[in-house]
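The structure appears below as structure tokens.
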Amino acid sequence: MYAGQPVEDRQRQRRARFLESGLTVFARDGYANSSVGAICKDAGLSSRQFYEEFTGRESLLLELYEQIDRESRDAVAKSLESKADASALEIIDAAVRAYVESIGSDPRKARVALVEVVGAGPKVEKFRLELRRVWGSLLAGAAEDAAMHGEIPTGDYEMRVLAIIGAVNYVVDSWSGSDPRPPLDDVIRVLSRVIMGAVGA
């Protein structure tokens, strides 16, 4: 116990504060221009406390990125499961909505996960490509399911999925940072058409 609170709880809270501040600073200043000092200042904690939790900015960025990506992927997977018996277009609409709402509702998350991780270093880039392959498998599996039901042509979806990921992320990043934002339904409608065009051709 410390100040009437379990030490483990204090550590979790401190780590969460650093993650929140890292999200803010990386999105505001850019990862390349950020510093541990700026993160600590935003969190109201010391650099000593920072290095008790992370080895440096890169390890903080990797944890943030993994967290954001996992939450958005879980949201999409859940939407795909809930729409298993729906039409291909309904499934795509639901998946796109889940993704955009998860990663795009907070402009900081979209900026960090879609922009700042790109070119942040060899370790981050390797992890980014690994996660992209995970997304590719998830989306290709959904497309193959739709093909089995005769809603879209069968085929090799690997290149199509890469095109989809790039287009969706570009649009989501642009939408998330817009002021004012276009209506979410308009974004979903555009992205759904793009995806249907890619997998249905």
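Ligands are numbered from 1 in the order shown, residues from 1 within each chain, and chains are lettered A, B, ... in the order they appear in the structure tokens.
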I need the helix (DSSP H, G or I) residues of chain A per DSSP on the backbone, written as a ChimeraX atom specification. /A:7-29,31-33,36-43,47-53,57-82,88-104,107-116,122-148,158-176,184-200
All residues 8 Å or closer to range 52-69 of chain A, only C-alpha atoms, same chain fewer than 4 positions away omitted, as JSON, numbers by chain: {"A": [15, 19, 22, 23, 35, 36, 48, 73, 103, 109, 112, 113, 117, 124, 131]}
If we count only C-alpha atoms and set the cut-off at 12 Å, which residues sit around Arg111 in chain A, ignoring sequence neighbours fewer than 4 positions away in its own chain? Please answer as a PDB file with all heavy atoms, in the first residue's frame.
```pdb
ATOM      1  N   LEU A  23      -0.061   9.800 -26.424  1.00  0.00           N
ATOM      2  CA  LEU A  23      -1.038   9.957 -27.495  1.00  0.00           C
ATOM      3  C   LEU A  23      -1.201  11.429 -27.854  1.00  0.00           C
ATOM      4  O   LEU A  23      -1.206  11.813 -29.032  1.00  0.00           O
ATOM      5  CB  LEU A  23      -2.373   9.357 -27.051  1.00  0.00           C
ATOM      6  CG  LEU A  23      -3.487   9.261 -28.085  1.00  0.00           C
ATOM      7  CD1 LEU A  23      -3.098   8.338 -29.226  1.00  0.00           C
ATOM      8  CD2 LEU A  23      -4.776   8.753 -27.415  1.00  0.00           C
ATOM      9  N   THR A  24      -1.317  12.263 -26.844  1.00  0.00           N
ATOM     10  CA  THR A  24      -1.484  13.701 -27.059  1.00  0.00           C
ATOM     11  C   THR A  24      -0.257  14.328 -27.706  1.00  0.00           C
ATOM     12  O   THR A  24      -0.358  15.066 -28.698  1.00  0.00           O
ATOM     13  CB  THR A  24      -1.779  14.407 -25.729  1.00  0.00           C
ATOM     14  OG1 THR A  24      -3.023  13.936 -25.205  1.00  0.00           O
ATOM     15  CG2 THR A  24      -1.849  15.921 -25.900  1.00  0.00           C
ATOM     16  N   VAL A  25       0.912  14.042 -27.164  1.00  0.00           N
ATOM     17  CA  VAL A  25       2.153  14.670 -27.641  1.00  0.00           C
ATOM     18  C   VAL A  25       2.535  14.173 -29.030  1.00  0.00           C
ATOM     19  O   VAL A  25       2.911  14.965 -29.900  1.00  0.00           O
ATOM     20  CB  VAL A  25       3.296  14.422 -26.636  1.00  0.00           C
ATOM     21  CG1 VAL A  25       4.630  14.903 -27.206  1.00  0.00           C
ATOM     22  CG2 VAL A  25       3.009  15.126 -25.316  1.00  0.00           C
ATOM     23  N   PHE A  26       2.440  12.869 -29.265  1.00  0.00           N
ATOM     24  CA  PHE A  26       2.784  12.337 -30.593  1.00  0.00           C
ATOM     25  C   PHE A  26       1.863  12.912 -31.668  1.00  0.00           C
ATOM     26  O   PHE A  26       2.308  13.204 -32.778  1.00  0.00           O
ATOM     27  CB  PHE A  26       2.693  10.813 -30.609  1.00  0.00           C
ATOM     28  CG  PHE A  26       3.738  10.113 -29.779  1.00  0.00           C
ATOM     29  CD1 PHE A  26       3.497   8.846 -29.273  1.00  0.00           C
ATOM     30  CD2 PHE A  26       4.950  10.715 -29.499  1.00  0.00           C
ATOM     31  CE1 PHE A  26       4.459   8.180 -28.519  1.00  0.00           C
ATOM     32  CE2 PHE A  26       5.918  10.077 -28.739  1.00  0.00           C
ATOM     33  CZ  PHE A  26       5.672   8.791 -28.241  1.00  0.00           C
ATOM     34  N   ALA A  27       0.587  13.036 -31.339  1.00  0.00           N
ATOM     35  CA  ALA A  27      -0.370  13.574 -32.320  1.00  0.00           C
ATOM     36  C   ALA A  27      -0.172  15.075 -32.519  1.00  0.00           C
ATOM     37  O   ALA A  27      -0.270  15.577 -33.644  1.00  0.00           O
ATOM     38  CB  ALA A  27      -1.793  13.287 -31.856  1.00  0.00           C
ATOM     39  N   ARG A  28       0.137  15.770 -31.448  1.00  0.00           N
ATOM     40  CA  ARG A  28       0.278  17.239 -31.519  1.00  0.00           C
ATOM     41  C   ARG A  28       1.591  17.674 -32.152  1.00  0.00           C
ATOM     42  O   ARG A  28       1.609  18.539 -33.033  1.00  0.00           O
ATOM     43  CB  ARG A  28       0.172  17.813 -30.106  1.00  0.00           C
ATOM     44  CG  ARG A  28       0.237  19.340 -30.032  1.00  0.00           C
ATOM     45  CD  ARG A  28       0.381  19.774 -28.589  1.00  0.00           C
ATOM     46  NE  ARG A  28       1.686  19.386 -28.041  1.00  0.00           N
ATOM     47  CZ  ARG A  28       1.898  19.168 -26.746  1.00  0.00           C
ATOM     48  NH1 ARG A  28       0.909  19.266 -25.869  1.00  0.00           N
ATOM     49  NH2 ARG A  28       3.111  18.841 -26.322  1.00  0.00           N
ATOM     50  N   ASP A  29       2.689  17.071 -31.711  1.00  0.00           N
ATOM     51  CA  ASP A  29       4.020  17.512 -32.136  1.00  0.00           C
ATOM     52  C   ASP A  29       4.614  16.653 -33.239  1.00  0.00           C
ATOM     53  O   ASP A  29       5.568  17.074 -33.903  1.00  0.00           O
ATOM     54  CB  ASP A  29       4.992  17.494 -30.943  1.00  0.00           C
ATOM     55  CG  ASP A  29       4.527  18.362 -29.792  1.00  0.00           C
ATOM     56  OD1 ASP A  29       3.710  19.283 -30.027  1.00  0.00           O
ATOM     57  OD2 ASP A  29       4.981  18.133 -28.656  1.00  0.00           O
ATOM     58  N   GLY A  30       4.057  15.448 -33.427  1.00  0.00           N
ATOM     59  CA  GLY A  30       4.663  14.482 -34.327  1.00  0.00           C
ATOM     60  C   GLY A  30       5.683  13.661 -33.565  1.00  0.00           C
ATOM     61  O   GLY A  30       6.387  14.189 -32.692  1.00  0.00           O
ATOM     62  N   TYR A  31       5.750  12.383 -33.885  1.00  0.00           N
ATOM     63  CA  TYR A  31       6.666  11.511 -33.150  1.00  0.00           C
ATOM     64  C   TYR A  31       8.111  11.983 -33.274  1.00  0.00           C
ATOM     65  O   TYR A  31       8.850  12.029 -32.285  1.00  0.00           O
ATOM     66  CB  TYR A  31       6.539  10.075 -33.663  1.00  0.00           C
ATOM     67  CG  TYR A  31       7.534   9.125 -33.033  1.00  0.00           C
ATOM     68  CD1 TYR A  31       7.386   8.715 -31.711  1.00  0.00           C
ATOM     69  CD2 TYR A  31       8.629   8.649 -33.758  1.00  0.00           C
ATOM     70  CE1 TYR A  31       8.299   7.850 -31.118  1.00  0.00           C
ATOM     71  CE2 TYR A  31       9.540   7.779 -33.174  1.00  0.00           C
ATOM     72  CZ  TYR A  31       9.381   7.384 -31.861  1.00  0.00           C
ATOM     73  OH  TYR A  31      10.293   6.543 -31.282  1.00  0.00           O
ATOM     74  N   LEU A  61       5.441   4.377 -28.052  1.00  0.00           N
ATOM     75  CA  LEU A  61       4.724   4.419 -29.332  1.00  0.00           C
ATOM     76  C   LEU A  61       4.231   3.030 -29.727  1.00  0.00           C
ATOM     77  O   LEU A  61       3.093   2.867 -30.165  1.00  0.00           O
ATOM     78  CB  LEU A  61       5.643   4.971 -30.425  1.00  0.00           C
ATOM     79  CG  LEU A  61       5.045   5.008 -31.841  1.00  0.00           C
ATOM     80  CD1 LEU A  61       3.884   5.981 -31.921  1.00  0.00           C
ATOM     81  CD2 LEU A  61       6.123   5.365 -32.866  1.00  0.00           C
ATOM     82  N   LEU A  64       1.223   2.074 -27.605  1.00  0.00           N
ATOM     83  CA  LEU A  64       0.054   2.852 -28.025  1.00  0.00           C
ATOM     84  C   LEU A  64      -0.511   2.307 -29.333  1.00  0.00           C
ATOM     85  O   LEU A  64      -1.726   2.116 -29.467  1.00  0.00           O
ATOM     86  CB  LEU A  64       0.448   4.320 -28.225  1.00  0.00           C
ATOM     87  CG  LEU A  64       0.327   5.279 -27.055  1.00  0.00           C
ATOM     88  CD1 LEU A  64       0.897   6.629 -27.451  1.00  0.00           C
ATOM     89  CD2 LEU A  64      -1.115   5.411 -26.599  1.00  0.00           C
ATOM     90  N   TYR A  65       0.364   2.077 -30.279  1.00  0.00           N
ATOM     91  CA  TYR A  65      -0.047   1.589 -31.591  1.00  0.00           C
ATOM     92  C   TYR A  65      -0.727   0.233 -31.479  1.00  0.00           C
ATOM     93  O   TYR A  65      -1.790   0.003 -32.065  1.00  0.00           O
ATOM     94  CB  TYR A  65       1.181   1.516 -32.501  1.00  0.00           C
ATOM     95  CG  TYR A  65       0.916   1.025 -33.895  1.00  0.00           C
ATOM     96  CD1 TYR A  65      -0.260   1.346 -34.577  1.00  0.00           C
ATOM     97  CD2 TYR A  65       1.865   0.250 -34.556  1.00  0.00           C
ATOM     98  CE1 TYR A  65      -0.481   0.903 -35.865  1.00  0.00           C
ATOM     99  CE2 TYR A  65       1.647  -0.200 -35.851  1.00  0.00           C
ATOM    100  CZ  TYR A  65       0.472   0.125 -36.499  1.00  0.00           C
ATOM    101  OH  TYR A  65       0.246  -0.318 -37.775  1.00  0.00           O
ATOM    102  N   ILE A  68      -4.263   0.724 -29.902  1.00  0.00           N
ATOM    103  CA  ILE A  68      -5.225   1.328 -30.830  1.00  0.00           C
ATOM    104  C   ILE A  68      -5.628   0.324 -31.909  1.00  0.00           C
ATOM    105  O   ILE A  68      -6.810   0.172 -32.236  1.00  0.00           O
ATOM    106  CB  ILE A  68      -4.633   2.596 -31.484  1.00  0.00           C
ATOM    107  CG1 ILE A  68      -4.384   3.679 -30.433  1.00  0.00           C
ATOM    108  CG2 ILE A  68      -5.576   3.128 -32.571  1.00  0.00           C
ATOM    109  CD1 ILE A  68      -3.531   4.827 -30.940  1.00  0.00           C
ATOM    110  N   ILE A 103     -11.223   3.990 -34.515  1.00  0.00           N
ATOM    111  CA  ILE A 103      -9.923   4.634 -34.705  1.00  0.00           C
ATOM    112  C   ILE A 103     -10.033   6.105 -35.099  1.00  0.00           C
ATOM    113  O   ILE A 103      -9.098   6.880 -34.891  1.00  0.00           O
ATOM    114  CB  ILE A 103      -9.107   3.870 -35.773  1.00  0.00           C
ATOM    115  CG1 ILE A 103      -7.619   4.122 -35.581  1.00  0.00           C
ATOM    116  CG2 ILE A 103      -9.565   4.211 -37.179  1.00  0.00           C
ATOM    117  CD1 ILE A 103      -6.743   3.198 -36.392  1.00  0.00           C
ATOM    118  N   GLY A 104     -11.179   6.498 -35.650  1.00  0.00           N
ATOM    119  CA  GLY A 104     -11.294   7.858 -36.162  1.00  0.00           C
ATOM    120  C   GLY A 104     -12.013   8.831 -35.263  1.00  0.00           C
ATOM    121  O   GLY A 104     -11.947  10.049 -35.468  1.00  0.00           O
ATOM    122  N   SER A 105     -12.714   8.332 -34.244  1.00  0.00           N
ATOM    123  CA  SER A 105     -13.479   9.249 -33.383  1.00  0.00           C
ATOM    124  C   SER A 105     -12.567  10.143 -32.557  1.00  0.00           C
ATOM    125  O   SER A 105     -12.937  11.249 -32.186  1.00  0.00           O
ATOM    126  CB  SER A 105     -14.403   8.448 -32.459  1.00  0.00           C
ATOM    127  OG  SER A 105     -13.660   7.514 -31.695  1.00  0.00           O
ATOM    128  N   ASP A 106     -11.366   9.665 -32.237  1.00  0.00           N
ATOM    129  CA  ASP A 106     -10.371  10.466 -31.534  1.00  0.00           C
ATOM    130  C   ASP A 106      -9.267  10.801 -32.534  1.00  0.00           C
ATOM    131  O   ASP A 106      -8.505   9.916 -32.935  1.00  0.00           O
ATOM    132  CB  ASP A 106      -9.791   9.670 -30.355  1.00  0.00           C
ATOM    133  CG  ASP A 106      -8.823  10.488 -29.510  1.00  0.00           C
ATOM    134  OD1 ASP A 106      -8.291  11.494 -30.016  1.00  0.00           O
ATOM    135  OD2 ASP A 106      -8.603  10.113 -28.348  1.00  0.00           O
ATOM    136  N   PRO A 107      -9.156  12.066 -32.967  1.00  0.00           N
ATOM    137  CA  PRO A 107      -8.157  12.432 -33.976  1.00  0.00           C
ATOM    138  C   PRO A 107      -6.736  12.044 -33.575  1.00  0.00           C
ATOM    139  O   PRO A 107      -5.902  11.773 -34.439  1.00  0.00           O
ATOM    140  CB  PRO A 107      -8.300  13.953 -34.086  1.00  0.00           C
ATOM    141  CG  PRO A 107      -9.690  14.243 -33.628  1.00  0.00           C
ATOM    142  CD  PRO A 107      -9.981  13.223 -32.567  1.00  0.00           C
ATOM    143  N   VAL A 115      -0.433   7.682 -39.190  1.00  0.00           N
ATOM    144  CA  VAL A 115       0.559   8.601 -39.752  1.00  0.00           C
ATOM    145  C   VAL A 115       1.894   8.522 -39.021  1.00  0.00           C
ATOM    146  O   VAL A 115       2.937   8.276 -39.632  1.00  0.00           O
ATOM    147  CB  VAL A 115       0.037  10.057 -39.730  1.00  0.00           C
ATOM    148  CG1 VAL A 115       1.103  11.019 -40.282  1.00  0.00           C
ATOM    149  CG2 VAL A 115      -1.239  10.176 -40.529  1.00  0.00           C
ATOM    150  N   GLU A 116       1.878   8.723 -37.716  1.00  0.00           N
ATOM    151  CA  GLU A 116       3.131   8.853 -36.976  1.00  0.00           C
ATOM    152  C   GLU A 116       3.941   7.569 -36.904  1.00  0.00           C
ATOM    153  O   GLU A 116       5.172   7.616 -36.768  1.00  0.00           O
ATOM    154  CB  GLU A 116       2.857   9.389 -35.562  1.00  0.00           C
ATOM    155  CG  GLU A 116       2.289  10.789 -35.535  1.00  0.00           C
ATOM    156  CD  GLU A 116       3.147  11.796 -36.290  1.00  0.00           C
ATOM    157  OE1 GLU A 116       4.390  11.681 -36.233  1.00  0.00           O
ATOM    158  OE2 GLU A 116       2.588  12.692 -36.943  1.00  0.00           O
ATOM    159  N   VAL A 117       3.300   6.415 -36.991  1.00  0.00           N
ATOM    160  CA  VAL A 117       4.057   5.158 -36.947  1.00  0.00           C
ATOM    161  C   VAL A 117       4.826   4.909 -38.246  1.00  0.00           C
ATOM    162  O   VAL A 117       5.806   4.158 -38.250  1.00  0.00           O
ATOM    163  CB  VAL A 117       3.139   3.948 -36.649  1.00  0.00           C
ATOM    164  CG1 VAL A 117       2.524   4.079 -35.268  1.00  0.00           C
ATOM    165  CG2 VAL A 117       2.078   3.778 -37.718  1.00  0.00           C
ATOM    166  N   VAL A 118       4.398   5.521 -39.332  1.00  0.00           N
ATOM    167  CA  VAL A 118       5.047   5.313 -40.624  1.00  0.00           C
ATOM    168  C   VAL A 118       6.423   5.980 -40.602  1.00  0.00           C
ATOM    169  O   VAL A 118       6.543   7.172 -40.375  1.00  0.00           O
ATOM    170  CB  VAL A 118       4.196   5.875 -41.774  1.00  0.00           C
ATOM    171  CG1 VAL A 118       4.901   5.654 -43.100  1.00  0.00           C
ATOM    172  CG2 VAL A 118       2.812   5.246 -41.786  1.00  0.00           C
ATOM    173  N   ASN A 169      -7.524   3.861 -44.735  1.00  0.00           N
ATOM    174  CA  ASN A 169      -6.742   4.611 -43.754  1.00  0.00           C
ATOM    175  C   ASN A 169      -6.520   6.052 -44.182  1.00  0.00           C
ATOM    176  O   ASN A 169      -6.531   6.963 -43.352  1.00  0.00           O
ATOM    177  CB  ASN A 169      -5.401   3.912 -43.509  1.00  0.00           C
ATOM    178  CG  ASN A 169      -5.550   2.681 -42.636  1.00  0.00           C
ATOM    179  OD1 ASN A 169      -6.560   2.486 -41.990  1.00  0.00           O
ATOM    180  ND2 ASN A 169      -4.532   1.848 -42.631  1.00  0.00           N
ATOM    181  N   TYR A 170      -6.318   6.287 -45.462  1.00  0.00           N
ATOM    182  CA  TYR A 170      -6.136   7.657 -45.947  1.00  0.00           C
ATOM    183  C   TYR A 170      -7.398   8.481 -45.701  1.00  0.00           C
ATOM    184  O   TYR A 170      -7.329   9.609 -45.208  1.00  0.00           O
ATOM    185  CB  TYR A 170      -5.809   7.652 -47.438  1.00  0.00           C
ATOM    186  CG  TYR A 170      -5.506   9.019 -47.991  1.00  0.00           C
ATOM    187  CD1 TYR A 170      -4.212   9.543 -47.937  1.00  0.00           C
ATOM    188  CD2 TYR A 170      -6.507   9.796 -48.560  1.00  0.00           C
ATOM    189  CE1 TYR A 170      -3.937  10.811 -48.427  1.00  0.00           C
ATOM    190  CE2 TYR A 170      -6.242  11.062 -49.057  1.00  0.00           C
ATOM    191  CZ  TYR A 170      -4.947  11.560 -48.988  1.00  0.00           C
ATOM    192  OH  TYR A 170      -4.689  12.827 -49.466  1.00  0.00           O
ATOM    193  N   VAL A 171      -8.545   7.899 -46.011  1.00  0.00           N
ATOM    194  CA  VAL A 171      -9.812   8.615 -45.833  1.00  0.00           C
ATOM    195  C   VAL A 171     -10.115   8.844 -44.352  1.00  0.00           C
ATOM    196  O   VAL A 171     -10.535   9.930 -43.953  1.00  0.00           O
ATOM    197  CB  VAL A 171     -10.974   7.851 -46.506  1.00  0.00           C
ATOM    198  CG1 VAL A 171     -12.321   8.474 -46.138  1.00  0.00           C
ATOM    199  CG2 VAL A 171     -10.789   7.851 -48.014  1.00  0.00           C
ATOM    200  N   VAL A 172      -9.881   7.821 -43.525  1.00  0.00           N
ATOM    201  CA  VAL A 172     -10.162   7.944 -42.094  1.00  0.00           C
ATOM    202  C   VAL A 172      -9.285   9.018 -41.455  1.00  0.00           C
ATOM    203  O   VAL A 172      -9.754   9.830 -40.654  1.00  0.00           O
ATOM    204  CB  VAL A 172      -9.970   6.597 -41.369  1.00  0.00           C
ATOM    205  CG1 VAL A 172     -10.065   6.778 -39.858  1.00  0.00           C
ATOM    206  CG2 VAL A 172     -11.026   5.605 -41.834  1.00  0.00           C
ATOM    207  N   ASP A 173      -8.012   9.057 -41.815  1.00  0.00           N
ATOM    208  CA  ASP A 173      -7.117  10.079 -41.273  1.00  0.00           C
ATOM    209  C   ASP A 173      -7.575  11.472 -41.684  1.00  0.00           C
ATOM    210  O   ASP A 173      -7.604  12.396 -40.871  1.00  0.00           O
ATOM    211  CB  ASP A 173      -5.686   9.831 -41.742  1.00  0.00           C
ATOM    212  CG  ASP A 173      -4.745  10.937 -41.296  1.00  0.00           C
ATOM    213  OD1 ASP A 173      -4.675  11.199 -40.079  1.00  0.00           O
ATOM    214  OD2 ASP A 173      -4.079  11.532 -42.160  1.00  0.00           O
ATOM    215  N   SER A 174      -7.938  11.615 -42.945  1.00  0.00           N
ATOM    216  CA  SER A 174      -8.404  12.911 -43.439  1.00  0.00           C
ATOM    217  C   SER A 174      -9.694  13.328 -42.746  1.00  0.00           C
ATOM    218  O   SER A 174      -9.838  14.475 -42.309  1.00  0.00           O
ATOM    219  CB  SER A 174      -8.612  12.837 -44.952  1.00  0.00           C
ATOM    220  OG  SER A 174      -9.125  14.054 -45.455  1.00  0.00           O
ATOM    221  N   TRP A 175     -10.638  12.384 -42.619  1.00  0.00           N
ATOM    222  CA  TRP A 175     -11.918  12.687 -41.976  1.00  0.00           C
ATOM    223  C   TRP A 175     -11.741  13.027 -40.509  1.00  0.00           C
ATOM    224  O   TRP A 175     -12.316  13.988 -40.001  1.00  0.00           O
ATOM    225  CB  TRP A 175     -12.861  11.492 -42.115  1.00  0.00           C
ATOM    226  CG  TRP A 175     -14.141  11.640 -41.356  1.00  0.00           C
ATOM    227  CD1 TRP A 175     -15.249  12.352 -41.738  1.00  0.00           C
ATOM    228  CD2 TRP A 175     -14.446  11.082 -40.068  1.00  0.00           C
ATOM    229  NE1 TRP A 175     -16.234  12.260 -40.776  1.00  0.00           N
ATOM    230  CE2 TRP A 175     -15.765  11.494 -39.741  1.00  0.00           C
ATOM    231  CE3 TRP A 175     -13.757  10.281 -39.179  1.00  0.00           C
ATOM    232  CZ2 TRP A 175     -16.387  11.127 -38.555  1.00  0.00           C
ATOM    233  CZ3 TRP A 175     -14.377   9.910 -37.992  1.00  0.00           C
ATOM    234  CH2 TRP A 175     -15.665  10.330 -37.681  1.00  0.00           C
ATOM    235  N   SER A 176     -10.904  12.271 -39.826  1.00  0.00           N
ATOM    236  CA  SER A 176     -10.720  12.458 -38.386  1.00  0.00           C
ATOM    237  C   SER A 176     -10.163  13.836 -38.061  1.00  0.00           C
ATOM    238  O   SER A 176     -10.530  14.438 -37.051  1.00  0.00           O
ATOM    239  CB  SER A 176      -9.776  11.371 -37.836  1.00  0.00           C
ATOM    240  OG  SER A 176      -9.588  11.533 -36.449  1.00  0.00           O
ATOM    241  N   GLY A 177      -9.287  14.341 -38.919  1.00  0.00           N
ATOM    242  CA  GLY A 177      -8.663  15.631 -38.639  1.00  0.00           C
ATOM    243  C   GLY A 177      -9.391  16.823 -39.238  1.00  0.00           C
ATOM    244  O   GLY A 177      -8.935  17.961 -39.084  1.00  0.00           O
ATOM    245  N   SER A 178     -10.511  16.578 -39.915  1.00  0.00           N
ATOM    246  CA  SER A 178     -11.250  17.671 -40.551  1.00  0.00           C
ATOM    247  C   SER A 178     -12.062  18.467 -39.540  1.00  0.00           C
ATOM    248  O   SER A 178     -12.536  17.928 -38.545  1.00  0.00           O
ATOM    249  CB  SER A 178     -12.205  17.114 -41.619  1.00  0.00           C
ATOM    250  OG  SER A 178     -11.505  16.471 -42.642  1.00  0.00           O
TER     251      SER A 178
END
```
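Here the question is which of A:Glu101, A:Phe127, A:Ile92, A:Ser46 gets nearest to Arg193 in chain A using only C-alpha atoms, and that residue is A:Ile92.
If you look at CA of Phe18 in chain A and CA of Ala120 in chain A, they are 18.9 Å away from each other.
Shortest atom-to-atom contact with Ile165 in chain A among A:Arg181, A:Arg132, A:Arg97, A:Arg189: A:Arg132, counting only C-alpha atoms.
Nearest to Glu144 in chain A of all the residues A:Ala43, A:Leu184, A:Ala167, A:Ala88 is A:Ala88, based on only C-alpha atoms.
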If we count only C-alpha atoms and set the cut-off at 12 Å, which residues sit around Val134 in chain A, ignoring sequence neighbours fewer than 2 positions away in its own chain? Please answer as number ranges by chain. A: 69-70, 73-74, 77, 127-132, 136-141, 158, 161-162, 165
May I have the residues within 7 Å of Asp93 in chain A as JSON, numbers by chain, using only C-alpha atoms and disregarding those fewer than 4 positions away in the same chain? {"A": [89, 97, 188, 192]}
Near-Lys78 in chain A list (10 Å; only C-alpha atoms; drop same-chain fewer than 6 positions) as JSON, numbers by chain: {"A": [72, 94, 95, 98]}
Restricted to all heavy atoms, what would the selected residues look like written as an mmCIF file, in the first residue's frame?
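Done, and the output landed in out.cif:
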```cif
data_model
loop_
_atom_site.group_PDB
_atom_site.id
_atom_site.type_symbol
_atom_site.label_atom_id
_atom_site.label_comp_id
_atom_site.auth_asym_id
_atom_site.auth_seq_id
_atom_site.Cartn_x
_atom_site.Cartn_y
_atom_site.Cartn_z
ATOM 1 N N SER A 72 -9.427 -1.443 -32.538
ATOM 2 C CA SER A 72 -10.149 -1.275 -33.807
ATOM 3 C C SER A 72 -10.370 -2.617 -34.491
ATOM 4 O O SER A 72 -11.437 -2.864 -35.060
ATOM 5 C CB SER A 72 -9.386 -0.315 -34.729
ATOM 6 O OG SER A 72 -8.102 -0.813 -35.043
ATOM 7 N N ALA A 94 -21.159 -2.293 -41.890
ATOM 8 C CA ALA A 94 -20.996 -2.479 -40.446
ATOM 9 C C ALA A 94 -19.528 -2.488 -40.051
ATOM 10 O O ALA A 94 -19.136 -1.885 -39.044
ATOM 11 C CB ALA A 94 -21.673 -3.781 -40.012
ATOM 12 N N ALA A 95 -18.703 -3.160 -40.844
ATOM 13 C CA ALA A 95 -17.271 -3.240 -40.539
ATOM 14 C C ALA A 95 -16.606 -1.879 -40.669
ATOM 15 O O ALA A 95 -15.785 -1.494 -39.828
ATOM 16 C CB ALA A 95 -16.600 -4.254 -41.459
ATOM 17 N N ALA A 98 -17.614 0.295 -37.728
ATOM 18 C CA ALA A 98 -16.908 -0.116 -36.506
ATOM 19 C C ALA A 98 -15.475 0.404 -36.513
ATOM 20 O O ALA A 98 -14.972 0.890 -35.492
ATOM 21 C CB ALA A 98 -16.929 -1.628 -36.374
#
```
